[in-house]
$ cat model19.txt   # compact mmCIF, C-alpha atoms
# COMPACT_ATOMS: atom_id res chain seq x y z
CA MET J 1 130.68 -9.15 144.67
CA THR J 2 130.40 -10.87 141.36
CA GLY J 3 127.52 -12.59 139.67
CA ALA J 4 127.36 -16.05 138.25
CA SER J 5 130.25 -17.24 136.16
CA LYS J 6 130.98 -20.39 134.23
CA GLY J 7 132.87 -23.14 135.92
CA ARG J 8 131.59 -22.47 139.43
CA PRO J 9 130.90 -25.67 141.38
CA PHE J 10 127.26 -26.54 141.80
CA PHE J 11 126.01 -25.10 145.04
CA PRO J 12 125.04 -27.68 147.66
CA ARG J 13 121.42 -27.94 148.66
CA ALA J 14 121.95 -26.34 152.07
CA MET J 15 121.80 -22.57 151.71
CA THR J 16 124.13 -20.19 153.49
CA THR J 17 122.72 -17.36 155.58
CA MET J 18 123.85 -14.88 152.95
CA GLU J 19 122.13 -16.73 150.14
CA LYS J 20 118.92 -16.98 152.11
CA GLU J 21 118.72 -13.24 152.20
CA LEU J 22 119.13 -12.68 148.46
CA SER J 23 116.12 -11.74 146.40
CA PHE J 24 115.64 -12.63 142.76
CA ALA J 25 113.52 -11.28 139.93
CA ILE J 26 113.15 -13.62 136.99
CA PHE J 27 111.76 -12.37 133.71
CA PHE J 28 111.19 -15.27 131.39
CA CYS J 29 109.79 -16.13 127.99
CA GLN J 30 106.47 -17.89 128.43
CA GLN J 31 107.15 -19.98 125.34
CA LEU J 32 109.70 -21.95 127.34
CA ASP J 33 107.25 -23.60 129.65
CA PRO J 34 103.59 -24.14 128.80
CA ASP J 35 102.92 -24.97 132.47
CA GLN J 36 104.80 -21.96 133.84
CA ASP J 37 101.76 -20.73 135.71
CA VAL J 38 101.76 -23.86 137.89
CA ASN J 39 105.51 -24.49 137.93
CA ARG J 40 106.60 -21.05 139.05
CA ARG J 41 104.22 -21.20 142.00
CA ILE J 42 106.16 -24.16 143.40
CA LEU J 43 109.20 -21.97 143.90
CA GLU J 44 107.17 -18.93 144.87
CA LYS J 45 105.66 -20.92 147.73
CA GLU J 46 109.07 -22.17 148.76
CA LEU J 47 110.91 -18.86 148.70
CA GLY J 48 108.08 -16.42 149.33
CA PRO J 49 108.86 -12.77 148.62
CA ARG J 50 112.50 -13.58 147.86
CA ILE J 51 111.53 -14.53 144.33
CA ARG J 52 109.33 -12.81 141.79
CA PHE J 53 108.58 -14.25 138.38
CA PHE J 54 107.58 -12.05 135.47
CA PRO J 55 106.30 -14.04 132.49
CA LEU J 56 106.77 -12.32 129.14
CA PRO J 57 105.02 -13.24 125.89
CA CYS J 58 108.53 -13.14 124.39
CA SER J 59 111.82 -12.11 125.98
CA GLY J 60 112.01 -9.39 123.30
CA ARG J 61 109.35 -7.56 125.31
CA ILE J 62 111.86 -6.78 128.07
CA GLU J 63 112.87 -3.16 128.51
CA ALA J 64 115.80 -1.71 130.44
CA LEU J 65 113.25 -0.01 132.66
CA HIS J 66 111.81 -3.36 133.79
CA LEU J 67 115.27 -4.42 134.94
CA MET J 68 116.04 -1.13 136.66
CA ARG J 69 112.72 -1.15 138.47
CA ALA J 70 113.28 -4.72 139.65
CA LEU J 71 116.65 -3.77 141.10
CA GLU J 72 115.22 -0.63 142.64
CA ALA J 73 112.38 -2.63 144.19
CA GLY J 74 114.84 -4.78 146.08
CA ALA J 75 116.06 -7.61 143.84
CA ASP J 76 119.70 -8.54 144.35
CA LYS J 77 119.83 -10.30 141.01
CA VAL J 78 117.64 -9.98 137.95
CA TYR J 79 117.53 -12.70 135.30
CA VAL J 80 116.10 -12.62 131.83
CA VAL J 81 115.53 -16.19 130.71
CA THR J 82 115.10 -16.66 126.98
CA CYS J 83 114.60 -19.42 124.44
CA PRO J 84 117.70 -21.10 123.00
CA ILE J 85 119.54 -18.99 120.39
CA GLY J 86 117.88 -19.47 117.03
CA ALA J 87 114.67 -20.84 118.57
CA CYS J 88 112.74 -17.63 119.19
CA ARG J 89 109.18 -18.03 117.97
CA TYR J 90 109.27 -14.38 116.92
CA GLN J 91 112.68 -14.68 115.24
CA GLU J 92 114.73 -12.10 117.14
CA GLY J 93 113.16 -11.70 120.57
CA ASN J 94 116.05 -13.22 122.50
CA LEU J 95 118.57 -11.19 120.50
CA ARG J 96 116.73 -7.99 121.35
CA ALA J 97 116.54 -9.04 125.00
CA LYS J 98 120.33 -9.33 125.00
CA LYS J 99 120.75 -5.80 123.65
CA ARG J 100 118.29 -4.33 126.14
CA LEU J 101 119.99 -6.10 129.03
CA GLU J 102 123.40 -4.86 127.92
CA PHE J 103 122.02 -1.32 127.82
CA ALA J 104 120.65 -1.73 131.35
CA GLN J 105 124.03 -3.06 132.50
CA LYS J 106 125.66 0.17 131.33
CA LEU J 107 123.10 2.17 133.29
CA VAL J 108 123.79 0.36 136.55
CA GLU J 109 127.53 0.58 135.99
CA GLU J 110 127.10 4.36 135.88
CA ILE J 111 125.79 4.29 139.43
CA GLY J 112 128.55 1.96 140.58
CA LEU J 113 126.62 -1.29 140.72
CA GLU J 114 127.91 -4.53 139.23
CA PRO J 115 126.58 -5.19 135.72
CA GLU J 116 126.31 -8.84 136.79
CA ARG J 117 123.22 -7.88 138.78
CA PHE J 118 121.50 -8.36 135.41
CA GLU J 119 122.06 -11.61 133.61
CA LEU J 120 120.70 -13.02 130.39
CA VAL J 121 120.23 -16.77 130.32
CA ASN J 122 119.69 -18.51 127.00
CA VAL J 123 118.19 -21.82 128.00
CA ALA J 124 120.01 -24.75 126.42
CA SER J 125 117.88 -26.60 123.93
CA LEU J 126 118.36 -29.89 125.80
CA GLY J 127 118.21 -28.52 129.34
CA PRO J 128 115.27 -28.25 131.73
CA THR J 129 112.41 -26.18 130.43
CA SER J 130 110.19 -26.01 133.50
CA VAL J 131 110.62 -22.53 134.83
CA ASP J 132 110.96 -23.62 138.47
CA ALA J 133 113.79 -26.01 137.61
CA ILE J 134 115.56 -23.32 135.58
CA ALA J 135 115.18 -20.80 138.38
CA ARG J 136 116.40 -23.25 140.99
CA ASP J 137 119.54 -23.91 138.95
CA LEU J 138 120.18 -20.20 138.60
CA ILE J 139 119.66 -19.41 142.27
CA ASN J 140 121.94 -22.23 143.34
CA ARG J 141 124.75 -20.67 141.32
CA GLU J 142 124.57 -17.41 143.24
CA HIS J 143 126.19 -18.46 146.50
CA LYS J 144 128.95 -15.88 146.11
CA LEU J 145 126.74 -12.98 145.14
CA ALA J 146 126.63 -10.29 147.79
CA ALA J 147 123.38 -8.55 148.58
CA SER J 148 122.76 -5.42 146.55
CA PRO J 149 124.21 -2.34 148.23
CA LEU J 150 120.79 -0.78 147.76
CA ASN J 151 119.33 -3.38 150.09
CA THR J 152 122.13 -3.22 152.65
CA LYS J 153 121.67 0.58 152.84
CA LYS J 154 117.99 -0.05 153.47
CA ASP J 155 118.84 -2.49 156.28
CA GLU J 156 121.35 -0.08 157.83
CA LYS J 157 118.68 2.60 158.05
CA LYS J 158 116.39 0.27 159.93
CA MET P 1 113.25 16.15 114.28
CA ILE P 2 115.76 17.30 116.85
CA THR P 3 118.04 14.62 118.26
CA ALA P 4 119.79 14.57 121.60
CA GLU P 5 121.79 12.26 123.79
CA ARG P 6 121.71 11.96 127.55
CA LYS P 7 124.60 13.56 129.40
CA PRO P 8 126.86 11.23 131.40
CA LEU P 9 125.38 10.52 134.83
CA PRO P 10 128.30 12.07 136.77
CA GLU P 11 127.68 15.39 135.00
CA ILE P 12 123.97 15.23 135.84
CA LYS P 13 124.72 14.28 139.44
CA GLU P 14 127.09 17.23 139.77
CA SER P 15 124.45 19.61 138.45
CA ILE P 16 121.71 18.41 140.79
CA SER P 17 123.97 17.94 143.82
CA PRO P 18 122.71 21.04 145.72
CA TYR P 19 119.12 19.83 145.49
CA LYS P 20 117.01 17.18 147.22
CA LYS P 21 113.66 17.50 145.47
CA ILE P 22 113.98 17.13 141.73
CA LEU P 23 111.28 17.28 139.08
CA ILE P 24 112.39 15.39 135.97
CA VAL P 25 110.62 16.72 132.90
CA GLY P 26 110.65 14.81 129.63
CA CYS P 27 109.39 15.78 126.20
CA GLY P 28 107.12 13.50 124.20
CA THR P 29 108.08 14.77 120.75
CA CYS P 30 111.51 14.76 119.06
CA VAL P 31 113.62 13.51 121.95
CA ALA P 32 111.09 10.75 122.64
CA GLU P 33 111.44 9.60 119.03
CA CYS P 34 115.22 9.44 119.38
CA ALA P 35 114.90 7.63 122.73
CA SER P 36 116.71 10.22 124.80
CA GLY P 37 114.06 12.28 126.56
CA GLY P 38 110.65 10.60 126.39
CA GLU P 39 108.62 8.99 129.13
CA LYS P 40 110.76 5.84 129.22
CA GLU P 41 114.00 7.76 129.43
CA VAL P 42 112.61 9.97 132.18
CA ALA P 43 111.70 6.84 134.14
CA LEU P 44 115.14 5.29 133.55
CA LEU P 45 116.97 8.40 134.70
CA ALA P 46 114.70 8.78 137.73
CA SER P 47 115.28 5.17 138.69
CA ALA P 48 119.07 5.54 138.27
CA LEU P 49 119.15 8.72 140.36
CA ARG P 50 117.03 7.17 143.12
CA MET P 51 119.23 4.07 143.26
CA ASP P 52 122.39 6.15 143.19
CA ALA P 53 121.19 8.28 146.09
CA LYS P 54 120.14 5.20 148.06
CA LYS P 55 123.49 3.57 147.46
CA GLU P 56 125.29 6.66 148.76
CA GLY P 57 122.90 7.05 151.67
CA ARG P 58 121.51 10.37 150.42
CA ASP P 59 117.88 11.41 150.54
CA ILE P 60 116.41 12.47 147.24
CA GLU P 61 112.87 12.93 146.02
CA VAL P 62 112.33 12.53 142.32
CA ARG P 63 109.10 13.04 140.44
CA GLU P 64 108.61 12.26 136.77
CA ILE P 65 106.49 14.07 134.21
CA THR P 66 106.61 14.13 130.43
CA LEU P 67 105.09 16.98 128.47
CA ASP P 68 103.81 16.52 124.94
CA ARG P 69 106.10 19.37 123.86
CA GLN P 70 108.56 21.11 126.12
CA CYS P 71 109.03 24.06 123.77
CA VAL P 72 105.41 25.24 123.72
CA TYR P 73 103.89 27.31 126.52
CA GLU P 74 100.51 25.55 126.47
CA PHE P 75 102.23 22.29 127.44
CA ILE P 76 104.79 23.84 129.81
CA ASP P 77 101.89 25.30 131.77
CA GLN P 78 101.21 21.79 133.13
CA LEU P 79 104.23 22.34 135.39
CA THR P 80 102.82 25.48 137.00
CA ALA P 81 101.11 23.60 139.82
CA LEU P 82 104.23 21.51 140.50
CA VAL P 83 107.31 23.70 140.31
CA ASP P 84 106.93 25.26 143.76
CA GLN P 85 107.20 21.83 145.34
CA TYR P 86 110.66 21.15 143.89
CA ASP P 87 114.16 22.56 144.31
CA ALA P 88 115.12 22.13 140.65
CA ILE P 89 113.87 20.85 137.31
CA LEU P 90 115.97 18.35 135.41
CA SER P 91 114.94 18.71 131.80
CA LEU P 92 115.14 15.95 129.23
CA GLY P 93 114.08 18.33 126.51
CA CYS P 94 116.26 19.70 123.72
CA GLY P 95 117.99 23.04 124.23
CA ALA P 96 114.89 24.84 122.95
CA GLY P 97 112.74 23.04 125.52
CA VAL P 98 115.10 23.78 128.41
CA GLN P 99 115.15 27.48 127.53
CA ALA P 100 111.40 27.65 127.06
CA VAL P 101 110.78 26.11 130.50
CA ALA P 102 113.37 28.42 132.06
CA GLU P 103 111.65 31.43 130.57
CA VAL P 104 108.31 30.42 132.06
CA PHE P 105 109.79 29.62 135.49
CA PRO P 106 112.73 32.00 135.94
CA LYS P 107 112.96 31.47 139.71
CA ILE P 108 113.70 27.75 139.60
CA HIS P 109 116.94 26.20 138.39
CA ILE P 110 116.32 24.31 135.12
CA ILE P 111 119.12 21.81 134.48
CA PRO P 112 119.65 20.22 131.06
CA ALA P 113 120.12 16.46 131.16
CA LEU P 114 120.61 16.11 127.39
CA ASN P 115 123.15 17.28 124.85
CA THR P 116 121.17 18.48 121.84
CA THR P 117 122.83 17.26 118.69
CA PHE P 118 121.27 17.71 115.24
CA LEU P 119 118.24 17.69 112.94
CA ALA P 120 117.72 14.15 111.82
CA GLN P 121 115.80 11.50 110.03
CA THR P 122 114.99 8.21 111.78
CA LYS P 123 116.66 5.95 109.24
CA GLU P 124 115.69 2.77 111.05
CA ALA P 125 115.00 1.69 114.63
CA GLY P 126 117.90 2.97 116.71
CA LEU P 127 119.60 4.88 113.86
CA TRP P 128 119.29 8.63 113.38
CA LEU P 129 121.10 10.47 110.62
CA GLU P 130 121.75 14.18 110.39
CA ASN P 131 120.24 15.42 107.15
CA CYS P 132 119.43 19.09 107.63
CA ARG P 133 121.47 22.04 108.91
CA GLY P 134 118.54 24.45 109.00
CA CYS P 135 120.41 26.82 106.67
CA GLY P 136 117.29 28.85 105.91
CA ASP P 137 117.76 28.60 102.14
CA CYS P 138 116.69 25.12 101.08
CA LYS P 139 118.13 23.85 97.79
CA LEU P 140 116.94 20.27 98.03
CA ASP P 141 114.98 20.59 94.80
CA TYR P 142 118.20 21.09 92.83
CA PHE P 143 119.94 18.16 94.45
CA ALA P 144 117.41 15.32 94.24
CA ASP P 145 116.38 15.88 97.86
CA VAL P 146 119.82 15.09 99.22
CA CYS P 147 121.30 18.04 101.12
CA PRO P 148 124.93 18.51 100.05
CA ILE P 149 125.53 21.03 102.82
CA THR P 150 124.68 18.48 105.49
CA ARG P 151 125.41 15.13 103.93
CA CYS P 152 128.55 15.93 101.91
CA ALA P 153 131.51 16.11 104.28
CA LYS P 154 132.89 18.95 102.16
CA GLY P 155 129.54 20.73 101.81
CA LEU P 156 129.95 20.99 98.04
CA PHE P 157 127.27 22.66 95.92
CA ASN P 158 129.09 21.67 92.74
CA GLY P 159 130.20 18.09 93.26
CA PRO P 160 131.17 15.37 93.24
CA CYS P 161 134.68 15.87 94.56
CA GLY P 162 135.94 12.68 92.90
CA GLY P 163 137.16 11.08 96.08
CA SER P 164 134.32 8.68 96.80
CA LYS P 165 134.95 4.96 96.69
CA GLY P 166 132.21 2.44 95.99
CA GLY P 167 129.59 5.10 96.57
CA ASN P 168 130.94 5.99 99.99
CA CYS P 169 132.61 9.15 101.26
CA GLU P 170 136.41 9.34 101.37
CA VAL P 171 136.22 11.31 104.63
CA ASP P 172 134.09 8.67 106.36
CA PRO P 173 133.96 5.42 104.40
CA GLU P 174 130.87 4.32 106.35
CA THR P 175 128.84 7.26 105.08
CA PRO P 176 127.23 7.20 101.64
CA CYS P 177 128.63 9.88 99.33
CA ALA P 178 125.91 12.55 99.06
CA TRP P 179 126.96 13.37 95.52
CA HIS P 180 126.83 9.74 94.48
CA LEU P 181 123.25 9.70 95.74
CA ILE P 182 122.41 12.99 94.02
CA VAL P 183 123.78 11.97 90.63
CA THR P 184 122.29 8.47 90.77
CA ARG P 185 118.86 9.71 91.79
CA LEU P 186 118.78 12.49 89.17
CA GLU P 187 119.96 10.08 86.51
CA GLU P 188 117.30 7.52 87.37
CA SER P 189 114.55 10.11 87.26
CA GLY P 190 115.78 11.75 84.05
CA ARG P 191 116.59 15.06 85.75
CA LEU P 192 120.36 15.11 85.35
CA GLY P 193 119.99 18.52 83.67
CA LYS P 194 119.53 19.96 87.17
CA LEU P 195 123.28 19.74 87.52
CA ALA P 196 124.10 21.79 84.40
CA PRO P 197 124.21 25.16 86.21
CA VAL P 198 127.10 26.13 88.43
CA TYR P 199 125.52 26.86 91.76
CA PRO P 200 126.78 29.89 93.70
CA PRO P 201 127.91 29.47 97.29
CA ALA P 202 125.20 29.16 99.91
CA ASN P 203 123.79 32.36 101.33
CA TRP P 204 124.80 31.88 104.95
CA SER P 205 123.38 35.25 105.97
CA LYS P 206 120.05 33.45 106.23
CA LYS P 207 121.45 31.20 108.92
CA GLU P 208 124.25 33.08 110.62
CA GLY P 209 125.60 36.57 111.14
CA LYS P 210 122.51 38.19 112.58
CA GLY P 211 122.26 36.32 115.88
CA PRO P 212 119.33 34.07 116.70
CA ARG P 213 116.76 33.76 113.97
CA LYS P 214 113.03 34.19 114.35
CA ILE P 215 109.93 33.52 112.32
CA VAL P 216 106.97 35.85 112.66
CA ARG P 217 103.57 34.86 111.25
CA GLU P 218 100.99 37.52 111.92
CA ASP P 219 98.17 35.20 110.90
CA GLN P 220 99.18 32.83 113.71
CA ARG P 221 99.51 35.48 116.40
CA HIS P 222 96.90 36.52 118.95

$ encode --input "model19.txt" --output "structure tokens"
Amino acid sequence: MTGASKGRPFFPRAMTTMEKELSFAIFFCQQLDPDQDVNRRILEKELGPRIRFFPLPCSGRIEALHLMRALEAGADKVYVVTCPIGACRYQEGNLRAKKRLEFAQKLVEEIGLEPERFELVNVASLGPTSVDAIARDLINREHKLAASPLNTKKDEKK
Amino acid sequence: MITAERKPLPEIKESISPYKKILIVGCGTCVAECASGGEKEVALLASALRMDAKKEGRDIEVREITLDRQCVYEFIDQLTALVDQYDAILSLGCGAGVQAVAEVFPKIHIIPALNTTFLAQTKEAGLWLENCRGCGDCKLDYFADVCPITRCAKGLFNGPCGGSKGGNCEVDPETPCAWHLIVTRLEESGRLGKLAPVYPPANWSKKEGKGPRKIVREDQRH
């Protein structure tokens, strides 16, 4: 029932049944990847409705409401992917994104959901910058994440 | 403006527990400015309540609306066509807004979702400071526009107390000493003479002792 944590072994290519069912929403800073429009479609085609990308002009544009709505709409995990620390084109966008995400984490904790459902990812300055590669790395880490209770309730009702 | 903070979710949940159809009503004025009861906060609370209900397997219907001002009848009237469709109204207005809505719709349960706190200035983004007690007898002109009743922890009219350190209050070292500000500002503007008189205690009868206050302006009435 926990989200990604450091030190977890890299998930093998083959996906488990549980992982196949997880849905992801990825908000990301457009400044990271000039070709994001093409790159994100690679993964969108591969995973279909399980993944939704939301490009932002700067990660500082993110609001707690965006994260809450993503979770409410069925995402099991919501990422906010930002520029490396100190590299924000608008100075403080990624720092603001962190504060907004932390606020949203408190809101979901109030309703008994794991704060790890929301995760901020500061891309490493030397790491991959194509948004599909970043997203693939993130999704592969989530092999232990359980589906959101909101989605299991939905399935039970069916 | 009037500041407020959202109540803890368990308290709100307890209050709305008898109801299934909830109308959440925000206010686009003071509580929107202090990020507790505006359109965004209404949407956040609605989303949290919907998810909470879904998680617990309860059915709930939540609708969101934000009035420009929740304390003025002309704006409250926008709810007239809606209230009959809901079991309760969850108000994200200040205490004045909650009571105004309740007076217009006495048959429906109006539930406050905020704790109204104080009259404040927006000092900077995300920081609101209490700077007025609404005493009804403003003396700001004597005190370089720094209210000693509100901003001095001891409420002194004839300060300073002598306990400040480095310009900060001895009661709360993170708060600037009001009297340090008063003296500095009067000195810089050549008005230190304002402090020569000994000021009598505040006239609290203008604020308290007669129950709720009212203002009547015949020229504004119908």

$ interface_residues --input "model19.txt" --of "chain P" --to "chain J" --cutoff "7 Å" --atoms "only C-alpha atoms" --output "list in words"
Leu9, Leu44, Ser47, Ala48, Met51, Asp52, Lys54, Lys55 and Gly57 of chain P

$ residues_around --input "model19.txt" --residues "range 79-91 of chain J" --least-positions-apart "2" --cutoff "7 Å" --atoms "all atoms listed in the file" --output "PyMOL selection string"
chain J and resi 25-29+32+59+77+93-94+118-125

$ residues_around --input "model19.txt" --residues "range 134-146 of chain P" --least-positions-apart "3" --cutoff "12 Å" --atoms "all atoms listed in the file" --output "ChimeraX atom specification"
/P:1-2,118-120,130-131,149-152,155-160,176-209,213-215

$ atom_distance --input "model19.txt" --atom1 "CA of Arg52 in chain J" --atom2 "CA of Glu61 in chain P"
26.3 Å

$ residues_around --input "model19.txt" --residues "range 76-86 of chain P" --least-positions-apart "5" --cutoff "6 Å" --atoms "only C-alpha atoms" --output "PyMOL selection string"
chain P and resi 21-22+70

$ build_atoms --input "model19.txt" --residues "range 58-82 of chain P" --atoms "N, CA and C atoms" --output "short mmCIF file (atom, residue, chain, number, x, y, z; two decimals), in the coordinates of the input"
data_model
loop_
_atom_site.label_atom_id
_atom_site.label_comp_id
_atom_site.auth_asym_id
_atom_site.auth_seq_id
_atom_site.Cartn_x
_atom_site.Cartn_y
_atom_site.Cartn_z
N ARG P 58 122.07 9.02 150.50
CA ARG P 58 121.51 10.37 150.42
C ARG P 58 120.00 10.30 150.27
N ASP P 59 119.32 11.32 150.75
CA ASP P 59 117.88 11.41 150.54
C ASP P 59 117.62 12.24 149.29
N ILE P 60 116.76 11.73 148.45
CA ILE P 60 116.41 12.47 147.24
C ILE P 60 114.95 12.15 146.92
N GLU P 61 114.24 13.16 146.45
CA GLU P 61 112.87 12.93 146.02
C GLU P 61 112.79 13.27 144.54
N VAL P 62 112.36 12.33 143.77
CA VAL P 62 112.33 12.53 142.32
C VAL P 62 110.91 12.29 141.82
N ARG P 63 110.41 13.24 141.07
CA ARG P 63 109.10 13.04 140.44
C ARG P 63 109.26 13.12 138.94
N GLU P 64 108.47 12.33 138.23
CA GLU P 64 108.61 12.26 136.77
C GLU P 64 107.38 12.85 136.09
N ILE P 65 107.61 13.61 135.05
CA ILE P 65 106.49 14.07 134.21
C ILE P 65 107.02 14.27 132.79
N THR P 66 106.21 13.92 131.83
CA THR P 66 106.61 14.13 130.43
C THR P 66 105.56 14.97 129.73
N LEU P 67 105.99 16.10 129.20
CA LEU P 67 105.09 16.98 128.47
C LEU P 67 105.01 16.55 127.02
N ASP P 68 103.90 16.85 126.37
CA ASP P 68 103.81 16.52 124.94
C ASP P 68 104.88 17.27 124.16
N ARG P 69 105.03 18.56 124.48
CA ARG P 69 106.10 19.37 123.86
C ARG P 69 106.64 20.30 124.92
N GLN P 70 107.97 20.28 125.08
CA GLN P 70 108.56 21.11 126.12
C GLN P 70 108.89 22.51 125.63
N CYS P 71 108.66 22.75 124.34
CA CYS P 71 109.03 24.06 123.77
C CYS P 71 107.81 24.92 123.50
N VAL P 72 106.64 24.50 124.00
CA VAL P 72 105.41 25.24 123.72
C VAL P 72 104.72 25.58 125.04
N TYR P 73 104.40 26.85 125.22
CA TYR P 73 103.89 27.31 126.52
C TYR P 73 102.67 26.51 126.98
N GLU P 74 101.74 26.24 126.08
CA GLU P 74 100.51 25.55 126.47
C GLU P 74 100.80 24.22 127.17
N PHE P 75 101.87 23.57 126.80
CA PHE P 75 102.23 22.29 127.44
C PHE P 75 103.06 22.54 128.70
N ILE P 76 103.94 23.52 128.64
CA ILE P 76 104.79 23.84 129.81
C ILE P 76 103.92 24.22 131.00
N ASP P 77 102.79 24.82 130.71
CA ASP P 77 101.89 25.30 131.77
C ASP P 77 101.45 24.16 132.71
N GLN P 78 101.55 22.93 132.26
CA GLN P 78 101.21 21.79 133.13
C GLN P 78 102.13 21.72 134.35
N LEU P 79 103.28 22.38 134.27
CA LEU P 79 104.23 22.34 135.39
C LEU P 79 103.91 23.40 136.45
N THR P 80 103.05 24.33 136.11
CA THR P 80 102.82 25.48 137.00
C THR P 80 102.43 25.04 138.42
N ALA P 81 101.58 24.04 138.50
CA ALA P 81 101.11 23.60 139.82
C ALA P 81 102.18 22.79 140.57
N LEU P 82 103.24 22.41 139.89
CA LEU P 82 104.23 21.51 140.50
C LEU P 82 105.53 22.20 140.91
#
